[in-house]
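To start, the structure under review is shown below, and the notes come after it.
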Amino acid sequence: DDPEDLIERAPIVTIMGHVDHGKTSLLDYIRTSKVTADEAGGITQHIGAYDVMTKTGHKIAFLDTPGHEAFTAMRARGAKITDVAIIVIAADDSIMPQTKEAINHAQVAGVPMIFAINKIDKPNANPNKIKEELANMNLLIEEWGGKYQSQELSAKTGEGVDDLLEKVLLEAEVLELKANPDKNAVGTVIEASLDKGRGYVTTIMVQSGTLKIGDITLAGKHYGRVKAMFDHKGKKLKTAGPSTPVQLLGLSGAPQAGDIIKVYDTEREAREIANSREQIQREQSLRTKKHITLDEIGR
Ligand code: GTP
Ligand code: NA
Ligand code: MG
């Protein structure tokens, strides 16, 4: 991209942390909805993608992950969609194994972290203990002279949430996030499923360019024209620019989380690439089968 074509884009934030420390509740509060209440056993089964406008008028896009496995799986597939990681830690608990893993994943990916010390409304909350535990891991927060931003908050009452969002924006400013909106869209698949009424529904994060109704898209082995696009509230969209999460209808199947989605100029081009990917996959699985057969006969 020509640097002149690049304009500022919203940060894409991943919320990670130990089970039940309040990732989804935090996101629920941020976008004023109630996903946790509908979840089976209160455990996030999928990654949601959402975007919100802060009270100060800035856009932030969010990914909610079921623990950190999805983040790792997407990274393993080469997807890099996170600009900032919020590590949620419950103040009435401790730094847990999955907290450590989340921190580790963010560090390996080179993604800046903000620590959200949650559940401070609880009588047994002890945010200082969490800060000490972080310090013991060489993660010194700014308040204590270190470099990491942190925010005490309650996803239940909302206390501290706006301050957290402003800290995200501060982190984003340092990163100088930019993208070119005036070209064919490129994004990453967040999740995909078959909806009985609507066909294949694919949630993607647009990273550069602008996706439009009628665009010919290809993700993994699946292609098709964009029939319709919706935001996370179900509102119809005609276009989706950089850092916009959308649910789209029109792909011929369900691609995998982490697949790159791109727009092509002709359907023929998209079909040919889809077919060649299909063929490569078929050959690979044949080769694997052959190995198994040889192994089975002891060669
Ligand atoms: P998984 O998706 O299963 O990993 O959990 P999660 O991190 O998304 O946690 P979730 O938002 O499901 O919250 C777990 C429990 O903690 C729920 O019962 C929430 O109501 C509760 N909870 C979350 N945040 C707060 C908070 O700030 N204060 C209080 N009192 N409870 C909270
Ligand atoms: Na939960
Ligand atoms: Mg959750």
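Convention: chains lettered A, B, ... in structure tokens order; per-chain residue numbering from 1; ligands numbered from 1 as shown.
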Q) Would you give me, as an MDAnalysis selection string, the residues in range 24-263 of chain A that DSSP reads as strand (DSSP E or B)? A) chainID A and resid 48:53 59:64 84:90 113:118 141 148:152 178:179 184 186:195 199:208 210:212 216:219 222:225 228:230 236:237 239:240 244:249 260:263
**Q.** Spatial neighbours of Lys233 in chain A, max dist 12 Å, only C-alpha atoms, sep filter under 2 positions, as a PyMOL selection string
**A.** chain A and resi 31-35+48-52+229-231+235-237+245-247
With N, CA and C atoms retained, write the just-selected residues as a compact mmCIF listing (two decimals), in the first residue's frame.
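Contents of result.txt, as written:
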# COMPACT_ATOMS: atom_id res chain seq x y z
N ARG A 31 -20.89 -3.60 25.45
CA ARG A 31 -21.84 -3.42 24.33
C ARG A 31 -23.28 -3.55 24.80
N THR A 32 -23.46 -3.42 26.12
CA THR A 32 -24.79 -3.45 26.73
C THR A 32 -25.70 -4.55 26.18
N SER A 33 -25.21 -5.79 26.32
CA SER A 33 -26.06 -6.92 25.96
C SER A 33 -25.85 -8.01 27.00
N LYS A 34 -26.50 -9.12 26.81
CA LYS A 34 -26.43 -10.18 27.82
C LYS A 34 -26.17 -11.52 27.17
N VAL A 35 -24.95 -11.70 26.70
CA VAL A 35 -24.61 -12.98 26.06
C VAL A 35 -24.44 -14.07 27.10
N GLY A 48 -16.93 -14.49 19.65
CA GLY A 48 -17.80 -13.46 19.13
C GLY A 48 -16.94 -12.31 18.63
N ALA A 49 -17.45 -11.56 17.70
CA ALA A 49 -16.74 -10.36 17.23
C ALA A 49 -17.73 -9.21 17.25
N TYR A 50 -17.32 -8.13 17.82
CA TYR A 50 -18.23 -7.00 18.02
C TYR A 50 -17.48 -5.70 17.81
N ASP A 51 -18.20 -4.64 17.51
CA ASP A 51 -17.55 -3.33 17.61
C ASP A 51 -18.44 -2.35 18.33
N VAL A 52 -17.80 -1.45 19.02
CA VAL A 52 -18.54 -0.48 19.84
C VAL A 52 -17.98 0.92 19.61
N MET A 229 -24.82 -8.55 4.61
CA MET A 229 -23.89 -8.38 5.73
C MET A 229 -24.64 -7.78 6.91
N PHE A 230 -24.25 -8.22 8.11
CA PHE A 230 -24.90 -7.72 9.33
C PHE A 230 -23.84 -7.39 10.37
N ASP A 231 -24.16 -6.41 11.22
CA ASP A 231 -23.28 -6.20 12.37
C ASP A 231 -23.74 -7.12 13.50
N LYS A 235 -28.01 -5.64 12.43
CA LYS A 235 -28.33 -4.53 11.53
C LYS A 235 -27.65 -4.75 10.17
N LYS A 236 -28.42 -4.56 9.09
CA LYS A 236 -27.88 -4.76 7.73
C LYS A 236 -26.84 -3.72 7.39
N LEU A 237 -25.76 -4.18 6.76
CA LEU A 237 -24.70 -3.26 6.33
C LEU A 237 -24.54 -3.37 4.82
N PRO A 245 -16.09 -5.94 12.25
CA PRO A 245 -16.53 -7.34 12.25
C PRO A 245 -17.91 -7.43 11.61
N VAL A 246 -18.09 -8.39 10.71
CA VAL A 246 -19.41 -8.59 10.09
C VAL A 246 -19.75 -10.06 9.96
N GLN A 247 -21.03 -10.32 9.96
CA GLN A 247 -21.53 -11.65 9.61
C GLN A 247 -21.93 -11.55 8.16
Q: Could you check which of A:Val13, A:Ile86, A:Val189, A:Ala179 is closest to Leu251 in chain A, using only C-alpha atoms?
A: A:Val189
Q: Point out the residue among A:Asp1, A:Ala172, A:His18, A:His58 with the least atom-to-atom distance to ligand 3, counting only C-alpha atoms and all ligand atoms.
A: A:His18
Q: Please provide as a ChimeraX atom specification all residues within 12 Å of Val168 in chain A, with the sequence filter that same-chain residues fewer than 2 positions apart are discarded (counting only C-alpha atoms).
A: /A:10-15,54,58-62,83-87,112-116,148-151,161-166,170-175
Produce a file of the selected residues containing N, CA and C atoms, as a CSV table (one decimal), in the first residue's frame.
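Saved to selection.csv:
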chain,number,residue,atom,x,y,z
A,10,ALA,N,-9.7,1.5,13.6
A,10,ALA,CA,-9.9,1.2,15.0
A,10,ALA,C,-9.1,0.1,15.5
A,11,PRO,N,-8.7,0.0,16.7
A,11,PRO,CA,-8.0,-1.1,17.3
A,11,PRO,C,-8.9,-2.4,17.4
A,12,ILE,N,-8.2,-3.5,17.2
A,12,ILE,CA,-8.9,-4.8,17.3
A,12,ILE,C,-8.4,-5.4,18.6
A,13,VAL,N,-9.3,-5.6,19.5
A,13,VAL,CA,-8.9,-6.0,20.9
A,13,VAL,C,-9.4,-7.5,21.2
A,14,THR,N,-8.5,-8.3,21.7
A,14,THR,CA,-8.9,-9.6,22.1
A,14,THR,C,-8.9,-9.7,23.6
A,15,ILE,N,-10.0,-10.2,24.2
A,15,ILE,CA,-10.2,-10.3,25.6
A,15,ILE,C,-9.8,-11.8,26.0
A,54,THR,N,-17.0,4.3,21.8
A,54,THR,CA,-16.8,4.7,23.1
A,54,THR,C,-17.6,6.0,23.4
A,58,HIS,N,-14.9,7.1,19.8
A,58,HIS,CA,-14.0,6.3,19.1
A,58,HIS,C,-14.5,4.8,18.9
A,59,LYS,N,-14.1,4.2,17.8
A,59,LYS,CA,-14.5,2.8,17.5
A,59,LYS,C,-13.5,1.9,18.1
A,60,ILE,N,-13.9,0.8,18.7
A,60,ILE,CA,-13.1,-0.3,19.1
A,60,ILE,C,-13.7,-1.6,18.7
A,61,ALA,N,-13.0,-2.5,18.1
A,61,ALA,CA,-13.5,-3.8,17.7
A,61,ALA,C,-13.0,-4.9,18.7
A,62,PHE,N,-13.9,-5.8,19.1
A,62,PHE,CA,-13.5,-6.8,20.1
A,62,PHE,C,-13.7,-8.2,19.6
A,83,ASP,N,-4.6,-6.3,17.9
A,83,ASP,CA,-3.7,-5.2,18.1
A,83,ASP,C,-3.4,-5.1,19.6
A,84,VAL,N,-4.4,-5.3,20.5
A,84,VAL,CA,-4.2,-5.1,21.9
A,84,VAL,C,-4.9,-6.3,22.6
A,85,ALA,N,-4.3,-6.8,23.6
A,85,ALA,CA,-4.9,-7.9,24.4
A,85,ALA,C,-5.3,-7.4,25.8
A,86,ILE,N,-6.6,-7.6,26.1
A,86,ILE,CA,-7.0,-7.3,27.5
A,86,ILE,C,-7.0,-8.6,28.3
A,87,ILE,N,-6.2,-8.7,29.3
A,87,ILE,CA,-6.1,-9.9,30.1
A,87,ILE,C,-6.9,-9.6,31.4
A,112,PRO,N,0.6,-5.9,22.7
A,112,PRO,CA,0.6,-5.2,24.0
A,112,PRO,C,-0.6,-5.6,24.8
A,113,MET,N,-0.4,-5.7,26.2
A,113,MET,CA,-1.4,-6.2,27.1
A,113,MET,C,-1.9,-5.1,28.0
A,114,ILE,N,-3.1,-5.1,28.3
A,114,ILE,CA,-3.7,-4.3,29.4
A,114,ILE,C,-4.3,-5.2,30.4
A,115,PHE,N,-4.0,-5.1,31.7
A,115,PHE,CA,-4.6,-5.9,32.7
A,115,PHE,C,-5.8,-5.3,33.2
A,116,ALA,N,-6.9,-6.1,33.1
A,116,ALA,CA,-8.2,-5.7,33.6
A,116,ALA,C,-8.5,-6.5,34.9
A,148,TYR,N,3.2,-1.5,32.2
A,148,TYR,CA,1.9,-2.1,31.8
A,148,TYR,C,0.7,-1.3,32.3
A,149,GLN,N,-0.2,-1.0,31.4
A,149,GLN,CA,-1.4,-0.4,31.8
A,149,GLN,C,-2.3,-1.4,32.5
A,150,SER,N,-3.0,-1.0,33.6
A,150,SER,CA,-3.9,-1.9,34.2
A,150,SER,C,-5.2,-1.0,34.7
A,151,GLN,N,-6.3,-1.7,34.9
A,151,GLN,CA,-7.5,-1.0,35.3
A,151,GLN,C,-8.3,-1.9,36.3
A,161,VAL,N,-15.0,0.7,33.6
A,161,VAL,CA,-15.0,0.2,32.3
A,161,VAL,C,-14.6,1.3,31.2
A,162,ASP,N,-15.2,2.4,31.4
A,162,ASP,CA,-14.9,3.5,30.5
A,162,ASP,C,-13.4,3.9,30.6
A,163,ASP,N,-12.8,3.8,31.8
A,163,ASP,CA,-11.4,4.1,31.9
A,163,ASP,C,-10.6,3.1,31.2
A,164,LEU,N,-11.0,1.8,31.2
A,164,LEU,CA,-10.3,0.7,30.5
A,164,LEU,C,-10.3,1.0,29.0
A,165,LEU,N,-11.5,1.4,28.5
A,165,LEU,CA,-11.6,1.7,27.0
A,165,LEU,C,-10.7,2.9,26.6
A,166,GLU,N,-10.6,3.9,27.5
A,166,GLU,CA,-9.7,5.0,27.2
A,166,GLU,C,-8.2,4.5,27.2
A,170,LEU,N,-5.5,4.7,24.1
A,170,LEU,CA,-4.1,5.2,24.4
A,170,LEU,C,-3.1,4.3,23.8
A,171,GLU,N,-3.3,3.0,24.0
A,171,GLU,CA,-2.4,2.0,23.5
A,171,GLU,C,-2.4,2.0,22.0
A,172,ALA,N,-3.6,2.1,21.4
A,172,ALA,CA,-3.8,2.1,20.0
A,172,ALA,C,-3.1,3.3,19.3
A,173,GLU,N,-3.2,4.5,20.0
A,173,GLU,CA,-2.5,5.7,19.5
A,173,GLU,C,-1.1,5.4,19.3
A,174,VAL,N,-0.4,4.8,20.2
A,174,VAL,CA,1.0,4.5,20.2
A,174,VAL,C,1.3,3.6,19.0
A,175,LEU,N,0.4,2.7,18.7
A,175,LEU,CA,0.6,1.7,17.6
A,175,LEU,C,0.4,2.3,16.2
